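Visitor: Structure in structure tokens, see below.
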Amino acid sequence: MNELFLELKSRIEKAESIIIFSHVSPDGDTLGSNLALKFMIEKYFHKKVDSVYVGTLPILYSYLPEYNSFIDIEKIDKNKQYSLAIAVDVASKDRMVAGTNIFDKAKYKINIDHHKTNIGYGDLNIIDGDAACVGIILCKIFKAWQTEMTFDTARCIYTSLMTDTGGFKYENTTPEAFVLASELVKIGVSPTKEYRACYETKPQSMVQFQAYVVSNTMFYNQGKIAIAKITRSDMSKFDATDEYTEGIVEILRTSKDVEISAILKETKEGYTKVSLRSKTFDLTPIVMDFGGGGHTFAAGCTIKKPIAIAFDKLLNRIQSEL
Ligand SMILES: [Mn+2]
């Protein structure tokens, strides 16, 4: 790995223009990692970095330092050729959606990720499927570069770690995760402040929307499967933005007998976005059948079917696994 970290360094040194991509429906890991890497490149390599997002940038993460520096991919000139493009936490290239072309066009492409399903689409691939979050990989990189994290960088890495471990409770909460958390707290990060900023700032209508979705959940196989449906009309009834659905699938998994929980969300006409969580079952074979990806206990896919049909297909597929 160390060689790859140094190769990354020399690519940054040589680069004239740098763009960093987060994945669509961005989470705390992809956004925190993006900013952390940008801060370190700016401080130690004195280069300007374009940190971009695709789709909608969730207001939920507006507490992150320099959140407003994120650029909408639509504002980037489509013909611009960057010398270096870096994707962070992007499991597959199509997760950059409208950004994929700009990524492909770059002279050199780097893929930094921790999804086991990542096939290594970059010229340089730094993939560690055992890392709890991309933030952990970045910290190893910063150490290999012999650089010290700034306070803002540490805060971004903390968000990456805190959100991808579900607040230090998922299976990926390894000794390494706690060692890193300890380092970040020593730099000055406040676990209380970051937790409140991230998890206790929901709009009232979001709390009500989530309660509504949870109360309409369907249970199957003696309560082992929990599935909730979210239609576009549910969304508009509560004036819900995409991030309103964040965390619901984890709430469903809190039911004692639930082995697998899922939410199906009607996106555009004839498309259904699926998020899955499990306690012990490996979800990757299920989502890969639908062209998706992710982690063992947290994965997702998009089914190109109307929500009612997608629901039946997914339920059948899950039942065949249990
Ligand atoms: Mn991640």
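Residues are named by chain letter and number: chains run A, B, ... in the order of the structure tokens, numbers start at 1 in each chain, and ligands are numbered from 1 in the order shown.
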May I have the residues within 9 Å of ligand 1, computed using only C-alpha atoms and all ligand atoms, as a PyMOL selection string?
Guide: chain A and resi 27-30+33+88-91+113-115+132-135+160-161+163-164+294
Visitor: Using only C-alpha atoms, what does the table of region 254-311 of chain A residues within 12 Å of region 167-181 of chain A look like, with each row giving the shortest atom pair and its distance in Å to one decimal, sorted by chain and ascending number, as JSON lines?
Guide:
```
{"residue": "A:Arg277", "atom": "CA", "partner": "A:Tyr170", "partner_atom": "CA", "distance": 11.0}
{"residue": "A:Ser278", "atom": "CA", "partner": "A:Tyr170", "partner_atom": "CA", "distance": 10.8}
{"residue": "A:Lys279", "atom": "CA", "partner": "A:Glu171", "partner_atom": "CA", "distance": 9.4}
{"residue": "A:Thr280", "atom": "CA", "partner": "A:Glu171", "partner_atom": "CA", "distance": 10.0}
{"residue": "A:His295", "atom": "CA", "partner": "A:Asn172", "partner_atom": "CA", "distance": 10.2}
{"residue": "A:Thr296", "atom": "CA", "partner": "A:Glu171", "partner_atom": "CA", "distance": 9.7}
{"residue": "A:Phe297", "atom": "CA", "partner": "A:Glu171", "partner_atom": "CA", "distance": 8.4}
{"residue": "A:Ala298", "atom": "CA", "partner": "A:Tyr170", "partner_atom": "CA", "distance": 9.9}
```
Visitor: How about saving the chosen residues, C-alpha atoms kept, as a compact mmCIF listing (two decimals), in the first residue's frame?
Guide:
```
# COMPACT_ATOMS: atom_id res chain seq x y z
CA ARG A 277 -29.37 -3.60 5.72
CA SER A 278 -28.88 -6.93 7.46
CA LYS A 279 -27.74 -8.25 10.80
CA THR A 280 -25.92 -11.40 9.66
CA HIS A 295 -20.90 -3.77 1.75
CA THR A 296 -21.77 -7.07 3.43
CA PHE A 297 -24.39 -5.63 5.79
CA ALA A 298 -25.25 -2.40 3.96
```
Visitor: Let me make sure I understand: among A:Tyr63, A:Tyr82, A:Phe39, A:Tyr53, which one has the smallest atom-to-atom distance to His23 (chain A) if we use only C-alpha atoms?
Guide: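 Looking at the shortest contact to His23 (chain A), the residue is A:Tyr53.
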Visitor: Between CA of Ala85 (chain A) and CA of Glu13 (chain A), what is the distance in Å, rounded to a tenth?
Guide: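 Calculated distance between CA of Ala85 (chain A) and CA of Glu13 (chain A) is 13.3 Å.
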Visitor: Based on DSSP run over this structure's backbone, return all residues of region 92-306 of chain A in alpha helix (DSSP H), as a count of residues only.
Guide: 83
Visitor: When you count only C-alpha atoms, which of these residues is closest to Arg11 (chain A): A:Cys198, A:Ile76, A:Ile110, A:Met40?
Guide: A:Ile110
Visitor: Do a neighbour search on Leu84 (chain A) at 9 Å with only C-alpha atoms, toss out local chain neighbours closer than 6 positions, and write the hits as a list of chain:residue names.
Guide: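 My list of contacting residues is A:Arg11, A:Ile12, A:Lys14, A:Ala15, A:Glu16, A:Ser17, A:Ile18, A:Ile19, A:Ile20, A:Phe103, A:Ala106, A:Lys107, A:Tyr108, A:Lys109, A:Ile110.
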Visitor: I'd like to know which of A:Lys78, A:Trp145, A:Ala310, A:Lys116 is closest to Ile41 (chain A), using only C-alpha atoms.
Guide: A:Trp145
Visitor: Write out as a CSV table (one decimal) with C-alpha atoms, in the first residue's frame the set of residues from region 69-116 of chain A that DSSP, computed on the backbone, places in strand (DSSP E).
Guide:
```
chain,number,residue,atom,x,y,z
A,71,ILE,CA,-19.0,22.6,-6.8
A,72,ASP,CA,-22.0,21.2,-8.6
A,84,LEU,CA,-5.8,14.5,-12.2
A,85,ALA,CA,-9.2,13.1,-11.2
A,86,ILE,CA,-9.7,11.4,-7.9
A,87,ALA,CA,-12.8,9.5,-6.8
A,88,VAL,CA,-13.3,8.9,-3.1
A,108,TYR,CA,-4.8,10.3,-14.9
A,109,LYS,CA,-7.5,8.7,-12.8
A,110,ILE,CA,-7.3,7.6,-9.2
A,111,ASN,CA,-9.8,5.5,-7.3
A,112,ILE,CA,-9.6,5.5,-3.5
A,113,ASP,CA,-12.3,3.3,-1.9
```
